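The data block below is protein.cif; it holds mmCIF, C-alpha atoms.
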data_data
#
loop_
_atom_site.label_atom_id
_atom_site.label_comp_id
_atom_site.auth_asym_id
_atom_site.auth_seq_id
_atom_site.Cartn_x
_atom_site.Cartn_y
_atom_site.Cartn_z
CA MET A 1 75.25 27.30 28.45
CA THR A 2 77.43 27.67 31.53
CA LEU A 3 81.21 27.64 31.17
CA PRO A 4 81.49 24.06 32.56
CA GLU A 5 78.83 22.90 30.07
CA ILE A 6 80.69 24.56 27.22
CA GLN A 7 83.93 22.90 28.32
CA GLU A 8 82.32 19.47 28.61
CA LEU A 9 80.64 19.79 25.22
CA SER A 10 83.94 20.87 23.68
CA ARG A 11 85.61 17.80 25.21
CA VAL A 12 83.09 15.47 23.59
CA GLU A 13 83.17 17.32 20.27
CA GLU A 14 86.96 17.03 20.17
CA VAL A 15 86.76 13.27 20.70
CA LEU A 16 84.03 12.90 18.07
CA GLU A 17 85.93 14.95 15.53
CA SER A 18 88.99 12.72 15.93
CA ARG A 19 86.97 9.94 14.27
CA TRP A 20 86.41 9.39 10.57
CA PRO A 21 84.53 12.41 9.19
CA GLU A 22 81.14 12.17 7.50
CA THR A 23 82.80 12.52 4.11
CA LYS A 24 84.75 9.29 4.62
CA ILE A 25 82.59 6.18 4.51
CA GLU A 26 83.20 2.43 4.94
CA PRO A 27 79.84 1.19 3.71
CA ASN A 28 78.37 -1.45 5.98
CA LEU A 29 76.10 -1.65 9.01
CA ASP A 30 78.28 -4.00 11.09
CA ARG A 31 79.60 -1.41 13.53
CA ILE A 32 76.35 0.43 14.20
CA SER A 33 74.45 -2.88 14.42
CA HIS A 34 76.94 -4.17 16.98
CA LEU A 35 76.60 -0.99 19.04
CA MET A 36 72.80 -1.21 18.95
CA THR A 37 72.94 -4.82 20.14
CA LEU A 38 75.21 -3.87 23.04
CA LEU A 39 72.79 -1.08 24.00
CA GLY A 40 69.74 -3.33 23.88
CA ASP A 41 68.48 -2.10 20.50
CA PRO A 42 67.09 1.29 21.55
CA GLN A 43 66.09 2.03 17.93
CA PHE A 44 63.20 -0.43 18.32
CA ALA A 45 61.77 1.28 21.41
CA TYR A 46 59.62 3.71 19.37
CA PRO A 47 58.06 3.93 15.90
CA VAL A 48 60.19 5.59 13.21
CA ILE A 49 59.61 7.69 10.11
CA HIS A 50 62.76 7.32 7.99
CA ILE A 51 63.68 9.86 5.29
CA THR A 52 66.11 9.79 2.37
CA GLY A 53 66.53 11.58 -0.97
CA THR A 54 69.01 13.94 -2.61
CA ASN A 55 67.44 17.29 -1.73
CA GLY A 56 64.68 18.39 0.64
CA LYS A 57 65.33 15.78 3.34
CA THR A 58 65.94 18.15 6.21
CA SER A 59 63.06 20.50 5.41
CA THR A 60 60.68 17.56 5.02
CA ALA A 61 61.91 15.99 8.26
CA ARG A 62 61.37 19.23 10.15
CA MET A 63 57.86 19.55 8.74
CA ILE A 64 56.97 15.99 9.71
CA GLU A 65 58.29 16.51 13.22
CA SER A 66 56.41 19.79 13.63
CA LEU A 67 53.15 18.18 12.48
CA LEU A 68 53.55 15.26 14.87
CA ARG A 69 54.33 17.61 17.74
CA SER A 70 51.27 19.73 16.97
CA MET A 71 49.24 16.56 17.43
CA GLY A 72 50.50 16.11 20.95
CA LEU A 73 53.24 13.54 20.40
CA ARG A 74 56.67 13.62 22.02
CA THR A 75 59.11 13.63 19.14
CA GLY A 76 62.71 12.84 18.40
CA LEU A 77 64.36 14.26 15.29
CA VAL A 78 67.70 13.42 13.68
CA THR A 79 69.02 15.69 10.90
CA SER A 80 72.45 16.34 9.42
CA PRO A 81 74.69 18.16 8.99
CA HIS A 82 74.31 20.78 11.68
CA LEU A 83 74.52 24.50 10.99
CA HIS A 84 76.11 25.82 14.17
CA GLN A 85 76.25 23.27 17.01
CA VAL A 86 76.37 19.50 16.96
CA THR A 87 73.50 19.34 19.47
CA GLU A 88 71.17 20.59 16.71
CA ARG A 89 71.33 17.15 15.10
CA ILE A 90 69.44 15.47 17.94
CA ARG A 91 66.17 17.16 18.86
CA LEU A 92 63.71 16.28 21.58
CA SER A 93 60.20 17.74 21.27
CA GLY A 94 61.45 20.33 18.81
CA GLU A 95 64.47 21.56 20.74
CA PRO A 96 68.15 20.66 20.36
CA ILE A 97 69.24 18.17 22.98
CA PRO A 98 70.67 20.06 25.98
CA ALA A 99 74.47 20.11 26.03
CA GLU A 100 74.62 18.38 29.41
CA LYS A 101 72.35 15.59 28.12
CA PHE A 102 74.44 15.25 24.96
CA VAL A 103 77.57 14.82 27.10
CA GLU A 104 75.80 12.41 29.45
CA ILE A 105 74.64 10.19 26.56
CA TYR A 106 78.13 10.14 25.05
CA ASP A 107 79.77 9.24 28.35
CA GLU A 108 77.28 6.41 28.86
CA LEU A 109 78.02 5.05 25.38
CA GLU A 110 81.80 5.45 25.52
CA PRO A 111 82.58 1.98 27.01
CA TYR A 112 80.43 0.34 24.34
CA LEU A 113 82.07 2.41 21.61
CA ALA A 114 85.44 1.13 22.80
CA ILE A 115 84.23 -2.47 22.46
CA VAL A 116 82.93 -1.93 18.92
CA ASP A 117 86.06 -0.02 17.90
CA SER A 118 88.46 -2.67 19.19
CA GLU A 119 86.58 -5.57 17.59
CA SER A 120 86.25 -3.78 14.24
CA ILE A 121 89.94 -2.86 14.19
CA ALA A 122 90.89 -6.44 15.16
CA ASN A 123 88.95 -7.65 12.12
CA GLY A 124 90.73 -5.23 9.81
CA GLY A 125 88.04 -2.53 9.77
CA PRO A 126 87.92 1.06 11.01
CA ALA A 127 86.72 2.41 14.32
CA MET A 128 83.22 3.86 14.35
CA SER A 129 82.84 7.06 12.37
CA TYR A 130 81.67 10.45 13.60
CA PHE A 131 78.26 9.92 12.03
CA GLU A 132 77.87 6.38 13.34
CA VAL A 133 78.53 7.50 16.90
CA LEU A 134 76.10 10.41 16.63
CA THR A 135 73.46 8.08 15.22
CA GLY A 136 73.91 5.70 18.13
CA MET A 137 73.67 8.61 20.57
CA ALA A 138 70.44 9.81 18.97
CA PHE A 139 68.76 6.42 19.19
CA ALA A 140 69.84 6.06 22.82
CA ALA A 141 68.62 9.58 23.66
CA PHE A 142 65.21 8.90 22.11
CA ALA A 143 64.77 5.71 24.11
CA ASP A 144 65.89 7.48 27.27
CA ALA A 145 63.51 10.45 26.81
CA PRO A 146 61.29 8.51 25.88
CA VAL A 147 59.76 9.72 22.61
CA ASP A 148 56.48 8.64 21.04
CA VAL A 149 57.96 8.73 17.52
CA ALA A 150 61.36 9.40 15.95
CA VAL A 151 61.83 11.20 12.63
CA VAL A 152 65.16 10.05 11.23
CA GLU A 153 66.96 11.63 8.26
CA VAL A 154 69.67 9.54 6.61
CA GLY A 155 73.18 10.94 6.45
CA MET A 156 74.09 9.65 3.00
CA GLY A 157 72.42 7.12 0.74
CA GLY A 158 70.13 4.65 2.42
CA ALA A 159 70.87 0.94 2.39
CA TRP A 160 74.16 1.15 4.27
CA ASP A 161 73.61 4.50 5.99
CA ALA A 162 74.11 4.17 9.75
CA THR A 163 70.49 5.14 10.37
CA ASN A 164 69.29 2.10 8.43
CA VAL A 165 69.22 -0.14 11.49
CA VAL A 166 65.67 1.05 12.18
CA SER A 167 62.45 -0.69 11.18
CA PRO A 168 60.43 2.25 9.91
CA GLN A 169 56.68 2.44 9.97
CA VAL A 170 56.92 4.99 7.17
CA SER A 171 59.76 5.36 4.64
CA VAL A 172 59.94 8.73 2.86
CA VAL A 173 61.93 9.42 -0.31
CA THR A 174 62.36 13.03 -1.45
CA PRO A 175 63.54 13.81 -5.03
CA ILE A 176 66.57 11.83 -6.15
CA GLY A 177 69.34 13.30 -8.31
CA MET A 178 73.11 13.14 -8.69
CA ASP A 179 75.18 13.71 -5.54
CA HIS A 180 77.87 11.82 -3.61
CA ALA A 181 78.58 9.87 -6.80
CA ASP A 182 81.90 8.62 -5.39
CA TYR A 183 80.01 6.62 -2.76
CA LEU A 184 76.48 6.15 -4.09
CA GLY A 185 77.16 5.45 -7.76
CA ASP A 186 77.78 7.38 -10.96
CA THR A 187 74.23 7.16 -12.32
CA VAL A 188 70.86 8.24 -10.95
CA GLU A 189 69.73 4.62 -11.15
CA LYS A 190 72.56 3.42 -8.89
CA ILE A 191 71.88 6.23 -6.43
CA ALA A 192 68.17 5.37 -6.41
CA ILE A 193 68.96 1.71 -5.72
CA GLU A 194 71.06 2.72 -2.72
CA LYS A 195 68.43 5.10 -1.37
CA SER A 196 65.61 2.61 -1.91
CA GLY A 197 67.21 0.48 0.81
CA ILE A 198 65.27 2.33 3.52
CA ILE A 199 61.98 0.92 2.17
CA LYS A 200 61.33 -2.07 4.40
CA SER A 201 58.81 -4.88 4.51
CA GLY A 202 55.61 -3.77 6.23
CA SER A 203 56.34 -0.08 5.86
CA ILE A 204 54.45 2.54 3.87
CA ALA A 205 56.69 4.15 1.24
CA VAL A 206 55.80 7.82 0.72
CA LEU A 207 57.42 8.92 -2.53
CA SER A 208 57.81 12.50 -3.73
CA TYR A 209 57.71 13.43 -7.42
CA GLN A 210 60.54 11.48 -9.06
CA ASP A 211 62.06 11.34 -12.51
CA PRO A 212 61.17 8.10 -14.38
CA VAL A 213 64.37 6.18 -13.61
CA PRO A 214 64.41 6.61 -9.81
CA ALA A 215 60.60 6.18 -9.74
CA GLU A 216 60.95 2.77 -11.39
CA VAL A 217 63.67 1.72 -8.96
CA LEU A 218 61.66 2.80 -5.89
CA LEU A 219 58.48 1.07 -7.03
CA ALA A 220 60.41 -2.11 -7.80
CA ARG A 221 61.92 -2.06 -4.30
CA ALA A 222 58.51 -1.55 -2.71
CA ALA A 223 57.10 -4.47 -4.67
CA THR A 224 60.03 -6.70 -3.71
CA VAL A 225 59.66 -6.10 0.03
CA ASP A 226 55.85 -5.88 -0.08
CA ALA A 227 55.64 -2.28 1.11
CA MET A 228 52.59 -0.12 0.48
CA VAL A 229 53.20 2.91 -1.73
CA ALA A 230 51.83 6.47 -1.68
CA ARG A 231 52.98 8.60 -4.62
CA GLN A 232 52.96 12.37 -4.90
CA GLY A 233 50.82 13.32 -7.87
CA VAL A 234 48.79 10.13 -7.60
CA GLU A 235 47.67 9.35 -4.05
CA PHE A 236 48.43 12.85 -2.71
CA SER A 237 49.38 16.23 -4.15
CA VAL A 238 49.58 20.00 -3.89
CA ARG A 239 46.23 21.04 -5.35
CA ASP A 240 47.16 24.71 -5.57
CA ARG A 241 49.21 27.36 -3.84
CA ALA A 242 49.46 31.13 -3.64
CA LEU A 243 52.26 33.43 -2.57
CA ALA A 244 51.75 35.15 0.78
CA ILE A 245 53.70 37.57 2.94
CA GLY A 246 56.50 35.54 4.49
CA GLY A 247 55.73 32.36 2.60
CA GLN A 248 52.78 30.76 0.83
CA VAL A 249 49.25 29.42 1.37
CA LEU A 250 48.65 25.82 0.33
CA ASN A 251 45.65 23.66 -0.46
CA LEU A 252 46.76 20.06 -0.11
CA ASP A 253 45.10 16.81 -1.14
CA GLY A 254 46.24 14.20 1.36
CA LEU A 255 45.89 10.44 1.43
CA ASN A 256 42.48 10.62 3.03
CA GLY A 257 41.42 14.22 3.19
CA THR A 258 41.69 17.75 1.85
CA TYR A 259 43.53 20.38 3.84
CA GLU A 260 42.88 23.99 2.85
CA GLU A 261 44.35 27.39 3.70
CA ILE A 262 47.59 26.05 5.14
CA LEU A 263 50.07 28.85 5.77
CA LEU A 264 53.63 27.66 5.19
CA PRO A 265 56.23 30.27 6.23
CA LEU A 266 58.74 29.00 3.66
CA PHE A 267 59.32 30.04 0.06
CA GLY A 268 59.31 28.05 -3.16
CA ALA A 269 57.33 25.40 -5.00
CA HIS A 270 59.81 22.84 -3.70
CA GLN A 271 58.82 23.64 -0.11
CA ALA A 272 55.15 23.25 -1.04
CA ALA A 273 56.02 19.84 -2.49
CA ASN A 274 57.96 18.99 0.68
CA ALA A 275 54.91 19.98 2.74
CA SER A 276 52.71 17.67 0.68
CA VAL A 277 55.11 14.78 1.29
CA ALA A 278 55.33 15.58 5.00
CA LEU A 279 51.54 15.62 5.34
CA ALA A 280 51.21 12.28 3.55
CA ALA A 281 53.93 10.79 5.77
CA VAL A 282 52.06 11.83 8.91
CA GLU A 283 48.77 10.55 7.51
CA ALA A 284 50.50 7.24 6.73
CA PHE A 285 51.91 7.14 10.25
CA PHE A 286 48.39 7.34 11.64
CA GLY A 287 47.20 4.59 9.31
CA GLY A 288 46.34 6.58 6.17
CA THR A 289 42.60 6.17 6.70
CA LEU A 290 41.75 9.17 8.87
CA THR A 291 41.64 12.86 8.04
CA LEU A 292 43.97 14.73 10.37
CA ASP A 293 42.71 17.57 12.54
CA ILE A 294 42.90 20.68 10.36
CA ASP A 295 43.78 23.00 13.24
CA ALA A 296 46.70 20.77 14.23
CA VAL A 297 47.88 20.65 10.62
CA ARG A 298 47.74 24.42 10.34
CA GLU A 299 49.58 24.80 13.63
CA GLY A 300 52.26 22.32 12.64
CA PHE A 301 52.99 23.90 9.28
CA GLY A 302 52.59 27.43 10.62
CA SER A 303 55.35 26.97 13.17
CA VAL A 304 57.84 25.12 10.94
CA SER A 305 61.19 26.63 10.05
CA SER A 306 64.08 25.51 7.88
CA PRO A 307 67.17 27.61 8.65
CA GLY A 308 69.57 28.06 5.78
CA ARG A 309 66.97 27.09 3.18
CA LEU A 310 65.92 30.13 1.13
CA GLU A 311 66.11 32.07 4.40
CA VAL A 312 65.89 35.85 4.42
CA VAL A 313 68.51 37.06 6.92
CA ARG A 314 68.47 40.79 6.14
CA ARG A 315 66.36 43.45 4.47
CA SER A 316 67.45 46.56 2.53
CA PRO A 317 69.09 45.07 0.66
CA THR A 318 67.50 41.66 0.98
CA VAL A 319 70.07 38.97 1.76
CA ILE A 320 69.03 35.33 1.34
CA VAL A 321 70.95 32.29 2.52
CA ASP A 322 70.46 28.88 0.90
CA ALA A 323 72.33 25.62 1.41
CA ALA A 324 72.07 24.41 -2.22
CA HIS A 325 75.19 22.33 -2.80
CA ASN A 326 74.54 20.35 -5.99
CA PRO A 327 73.08 21.14 -9.43
CA HIS A 328 69.60 19.90 -8.53
CA GLY A 329 69.49 22.05 -5.41
CA ALA A 330 70.85 25.05 -7.29
CA ALA A 331 68.19 24.65 -10.00
CA VAL A 332 65.49 24.52 -7.32
CA LEU A 333 66.94 27.68 -5.76
CA ALA A 334 66.96 29.45 -9.13
CA THR A 335 63.31 28.59 -9.75
CA ALA A 336 62.28 29.70 -6.26
CA LEU A 337 64.08 33.04 -6.62
CA GLU A 338 62.22 33.81 -9.83
CA GLU A 339 58.86 32.77 -8.40
CA SER A 340 58.94 34.05 -4.82
CA PHE A 341 60.86 37.31 -5.15
CA THR A 342 60.63 40.31 -7.47
CA PHE A 343 64.30 41.16 -7.80
CA ASP A 344 65.42 43.14 -10.83
CA GLN A 345 68.96 41.95 -10.19
CA VAL A 346 70.47 39.18 -8.05
CA ILE A 347 74.06 39.22 -6.83
CA GLY A 348 75.29 35.78 -5.86
CA VAL A 349 77.90 34.99 -3.21
CA ILE A 350 79.13 31.48 -3.93
CA SER A 351 81.42 29.05 -2.15
CA VAL A 352 81.21 25.33 -2.99
CA MET A 353 82.98 22.23 -1.71
CA ALA A 354 85.70 21.01 -4.08
CA ASP A 355 84.26 17.49 -4.27
CA LYS A 356 80.94 18.75 -5.65
CA ASP A 357 79.86 19.45 -9.23
CA VAL A 358 80.86 23.11 -9.04
CA MET A 359 80.35 23.73 -12.76
CA GLY A 360 76.86 22.23 -12.55
CA VAL A 361 75.98 24.51 -9.62
CA LEU A 362 77.23 27.60 -11.47
CA GLN A 363 75.37 26.70 -14.65
CA ALA A 364 72.11 26.24 -12.72
CA LEU A 365 72.46 29.65 -11.07
CA GLU A 366 73.63 31.66 -14.11
CA PRO A 367 70.16 32.46 -15.53
CA VAL A 368 69.03 34.21 -12.33
CA MET A 369 72.22 35.92 -11.14
CA THR A 370 73.37 39.22 -12.61
CA ASP A 371 76.83 39.02 -10.98
CA VAL A 372 78.58 36.57 -8.68
CA VAL A 373 81.16 37.10 -5.97
CA VAL A 374 83.05 33.83 -5.58
CA THR A 375 84.87 33.14 -2.35
CA TRP A 376 86.14 30.57 0.15
CA ASN A 377 83.95 29.68 3.15
CA GLY A 378 86.89 28.64 5.33
CA ALA A 379 86.33 24.88 5.20
CA GLN A 380 89.23 22.63 4.31
CA ARG A 381 87.07 20.83 1.72
CA ALA A 382 85.96 24.05 0.02
CA MET A 383 87.28 25.04 -3.38
CA LEU A 384 89.50 28.12 -3.22
CA ALA A 385 88.11 31.34 -4.64
CA PRO A 386 90.53 31.63 -7.62
CA GLU A 387 89.64 28.09 -8.69
CA ILE A 388 85.90 28.79 -8.55
CA ALA A 389 86.55 32.01 -10.46
CA GLU A 390 88.15 30.09 -13.34
CA LEU A 391 85.01 28.00 -13.70
CA ALA A 392 82.63 30.90 -13.08
CA ILE A 393 84.21 32.97 -15.87
CA GLN A 394 83.42 30.15 -18.30
CA VAL A 395 79.77 30.32 -17.26
CA PHE A 396 79.14 34.01 -16.48
CA GLY A 397 81.85 35.78 -18.45
CA GLU A 398 84.70 37.74 -16.91
CA ASP A 399 82.77 40.99 -16.36
CA ARG A 400 80.17 39.30 -14.12
CA VAL A 401 82.63 37.47 -11.84
CA HIS A 402 84.22 39.06 -8.77
CA VAL A 403 86.60 37.39 -6.31
CA GLU A 404 86.98 37.81 -2.56
CA SER A 405 89.23 35.75 -0.30
CA SER A 406 86.76 35.39 2.59
CA LEU A 407 83.03 34.93 2.96
CA THR A 408 82.74 38.05 5.13
CA SER A 409 84.40 40.27 2.55
CA ALA A 410 82.36 38.63 -0.22
CA ILE A 411 79.06 39.38 1.54
CA ASP A 412 80.21 42.93 2.27
CA ARG A 413 81.12 43.44 -1.39
CA ALA A 414 77.81 42.00 -2.61
CA ILE A 415 75.83 44.26 -0.26
CA GLN A 416 77.87 47.27 -1.41
CA MET A 417 77.21 46.34 -5.04
CA ALA A 418 73.50 46.15 -4.27
CA ASP A 419 73.60 49.54 -2.54
CA ASP A 420 75.58 51.08 -5.40
CA ALA A 421 72.97 49.88 -7.89
CA GLY A 422 70.62 52.38 -6.27
CA MET A 423 67.55 50.18 -6.71
CA ASN A 424 65.28 48.47 -4.20
CA GLY A 425 65.00 45.45 -6.49
CA VAL A 426 68.52 44.11 -5.98
CA GLY A 427 68.94 41.01 -3.83
CA VAL A 428 71.96 39.15 -2.51
CA VAL A 429 71.94 35.33 -2.37
CA VAL A 430 74.63 33.45 -0.44
CA THR A 431 74.81 29.79 -1.43
CA GLY A 432 76.95 26.79 -2.46
CA SER A 433 77.01 24.53 0.60
CA VAL A 434 75.62 23.94 4.06
CA VAL A 435 78.91 25.27 5.46
CA THR A 436 78.51 28.45 3.41
CA ALA A 437 74.93 28.88 4.62
CA ALA A 438 75.89 28.33 8.25
CA ALA A 439 78.82 30.75 8.12
CA ALA A 440 76.71 33.37 6.37
CA ARG A 441 73.97 33.08 9.01
CA LEU A 442 76.53 33.79 11.73
CA ILE A 443 77.99 36.72 9.82
CA MET A 444 74.48 38.15 9.53
CA GLY A 445 73.82 37.62 13.25
CA LYS A 446 71.51 34.61 12.95
CA THR A 447 72.08 31.82 15.49
CA ASN A 448 68.59 30.37 15.96
CA THR A 449 67.98 26.92 14.49
#

Translate this structure into structure tokens?
Amino acid sequence: MTLPEIQELSRVEEVLESRWPETKIEPNLDRISHLMTLLGDPQFAYPVIHITGTNGKTSTARMIESLLRSMGLRTGLVTSPHLHQVTERIRLSGEPIPAEKFVEIYDELEPYLAIVDSESIANGGPAMSYFEVLTGMAFAAFADAPVDVAVVEVGMGGAWDATNVVSPQVSVVTPIGMDHADYLGDTVEKIAIEKSGIIKSGSIAVLSYQDPVPAEVLLARAATVDAMVARQGVEFSVRDRALAIGGQVLNLDGLNGTYEEILLPLFGAHQAANASVALAAVEAFFGGTLTLDIDAVREGFGSVSSPGRLEVVRRSPTVIVDAAHNPHGAAVLATALEESFTFDQVIGVISVMADKDVMGVLQALEPVMTDVVVTWNGAQRAMLAPEIAELAIQVFGEDRVHVESSLTSAIDRAIQMADDAGMNGVGVVVTGSVVTAAAARLIMGKTNT
């Protein structure tokens, strides 16, 4: 970017960040619906694939978008949160929206934002939140492009998430577990009810493997709104998979075809499952009755990436970055480490947000980590290193817990510990939150997204 572009983007970011953050929610669709009406409902100008779940949303969304693009479609993609720059959240044909376009869209929307803000405040409500404004910008950018299809990941929940003003052709639900309990509910059933709200009448609901309780909720919702259902393990599945250099090779049974020898440059059984869901979603988008072109499928999966998700950012010693931020995600990470890597020892670098189930994350990681270096990733919401250490000692024991005040020093210490071990089979895994993953990528010189 040029200096003027950087300055203009900074101006818009500063204004956006003065609004309610993503962690503060006033759950209703009134404000975003009002904005969409003022803009002429741009979210209806293109078909939508809408995605929710607790874990795997972003990876699945990126796979869906890559598949659609490999089939010649102009795509829009919304994901959150971003790793490095806010423009990553809105993608056009696979690339982050240019900074100048991001600024242009915001400036065009600003008068309408002022109207919505003033009317909401007059009625005793808040101004539009950071996430609501970004959602409105994405929908406007997609209509302006224009795109042939938009892949839209929810921010939090489903029913009252700002993205839920769309009328999806396909509704995708990745695995549901406990997270954001303060907003979504204190049981998996309540969370599933909230997330099921993206399943709309006339849509095709593509459901990943689910535990019995959320599965029952999702199927009940689909029946209530008369949506068709495609279930992983029933209508589509991962037939088999094999580890490969840099990822894995998949044989997938889709809704209406078999797709063999698919190279996926991502690690872990969970990413294979995400790929299966993504393939079914794209099949459903095209009607669910045709077998997709195998070369396009291979191209789409072969070019997919998911930064900050079991991502190798250094070799000798191997350093892996993963954005696992809740117990379910940490358990998935632990399983993937055991399956996809041959480490004799794993040294963890951990920084978790204070509002998360930190003990649950630590307990999920304990079986696969020899030692942990707990730290603070620099975010205001993050738990301080001494506080994480108190919990970690209960899980790992005092001898296996080390404390560093900053993420940089923690990574340095973990790498030194790996070097001192004098073995090639020692890996370093940096995890605990998206913020931790993003900061670690920068420390290790990774800026591509």

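Atom pair CA of Ile411 (chain A) / CA of Val372 (chain A) has a distance of 10.6 Å (rounded to one decimal).
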
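With CA of Arg31 (chain A) on one side and CA of Arg89 (chain A) on the other, the separation reads 20.4 Å.
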
Fill in: For region 354-360 of chain A: contacts at 10 Å, only C-alpha atoms, fewer than 2 positions along chain excluded, given as JSON, numbers by chain
{"A": [23, 178, 179, 180, 181, 182, 325, 326, 327, 328, 330, 331, 350, 351, 352, 362, 363, 364, 365, 380, 381, 382, 383, 384, 387, 388, 391, 392, 394, 395, 432, 433]}

Discussion item. Evaluated on this file, the PyMOL selection byres ((chain A and resi 374) around 6) picks out some residues - which ones are they, written as number ranges by chain?
Written reply: A: 349-350, 373, 375, 385, 403

Discussion item. List the spatial neighbours of Glu95 (chain A) as a ChimeraX atom specification - criterion: any atom at most 12 Å away, all atoms listed in the file, same-chain residues fewer than 3 positions off excluded.
Written reply: /A:62,65-66,69,74-78,87-92,98-99,448-449

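Restricting the calculation to only C-alpha atoms, the smallest distance between Ser316 (chain A) and any of A:Gly288, A:Pro386, A:Gly425, A:Gly158 is found for A:Gly425.
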
Item to complete: Report as an MDAnalysis selection string the full result of the PyMOL selection byres ((chain A and resi 15) around 12) when it is applied to this structure.
Response: chainID A and resid 8:14 16:21 103 106:107 110 113 128:130 133:134

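Here the residues that fall within 6 Å of (62.7, 5.7, 12.2), using only C-alpha atoms, are given as Val48, Ile49, His50, Ala150, Val151, Val152, Val166 and Pro168 of chain A.
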
Counting only C-alpha atoms, what are the residues of region 270-319 of chain A within 8 Å of region 439-446 of chain A, and for each of them which pair of atoms is the nearest and at what distance in Å, to one decimal? Sort the table by chain and rising number, as a tab-separated table.
residue	atom	partner	partner_atom	distance
A:Gly308	CA	A:Arg441	CA	7.4
A:Val313	CA	A:Met444	CA	6.6
A:Arg314	CA	A:Met444	CA	7.4

Worksheet item: Which residues fall under the PyMOL selection byres ((chain A and resi 59) around 9) in this file, as a PyMOL selection string?
Response: chain A and resi 55-58+60-64+271+274-275+304-307+309

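The gap separating CA of Val86 (chain A) from CA of Gln7 (chain A) is 14.1 Å, in Å to one decimal.
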
Give me, as a compact mmCIF listing (two decimals) with C-alpha atoms, in the coordinates of the input, all polymer residues having an atom no more than 7 Å from Arg400 (chain A), counting all atoms listed in the file and skipping those fewer than 4 positions away in the same chain.
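This is the output file part.txt:
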# COMPACT_ATOMS: atom_id res chain seq x y z
CA THR A 370 73.37 39.22 -12.61
CA ASP A 371 76.83 39.02 -10.98
CA VAL A 372 78.58 36.57 -8.68
CA PHE A 396 79.14 34.01 -16.48

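Closest approach to Gly287 (chain A) from the set A:Leu83, A:Ala242, A:Met1, A:Val170 is made by A:Val170, with distances taken over all atoms listed in the file.
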
Where's the centre, and what are the edge lengths in Å to one decimal, of a box along x, y and z enclosing all listed atoms of region 240-257 of chain A padded 4 Å per side, as AutoDock Vina command-line options?
--center_x 49.0 --center_y 24.0 --center_z -0.5 --size_x 23.1 --size_y 35.1 --size_z 18.1

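Summary of the local environment: counting only C-alpha atoms, residues at most 9 Å from region 279-282 of chain A, other than itself and those fewer than 5 positions away along its chain, are Ile49, Met63, Ile64, Glu65, Leu67, Leu68, Val170, Ser171, Val172, Ile204, Ala205, Val206, Ala230, Gln232, Glu235, Phe236, Ser237, Leu252, Asp253, Gly254, Leu255, Asn256, Asn274, Gly287, Gly288, Leu292 and Val297 of chain A.
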
Worksheet item: So which residues touch Pro265 (chain A) within 9 Å, counting only C-alpha atoms, skipping near sequence neighbours fewer than 3 positions away, as a ChimeraX atom specification?
Response: /A:244-249,301-305

Could you write those residues out with C-alpha atoms, as a compact mmCIF listing (two decimals), in the coordinates of the input?
# COMPACT_ATOMS: atom_id res chain seq x y z
CA ALA A 244 51.75 35.15 0.78
CA ILE A 245 53.70 37.57 2.94
CA GLY A 246 56.50 35.54 4.49
CA GLY A 247 55.73 32.36 2.60
CA GLN A 248 52.78 30.76 0.83
CA VAL A 249 49.25 29.42 1.37
CA PHE A 301 52.99 23.90 9.28
CA GLY A 302 52.59 27.43 10.62
CA SER A 303 55.35 26.97 13.17
CA VAL A 304 57.84 25.12 10.94
CA SER A 305 61.19 26.63 10.05
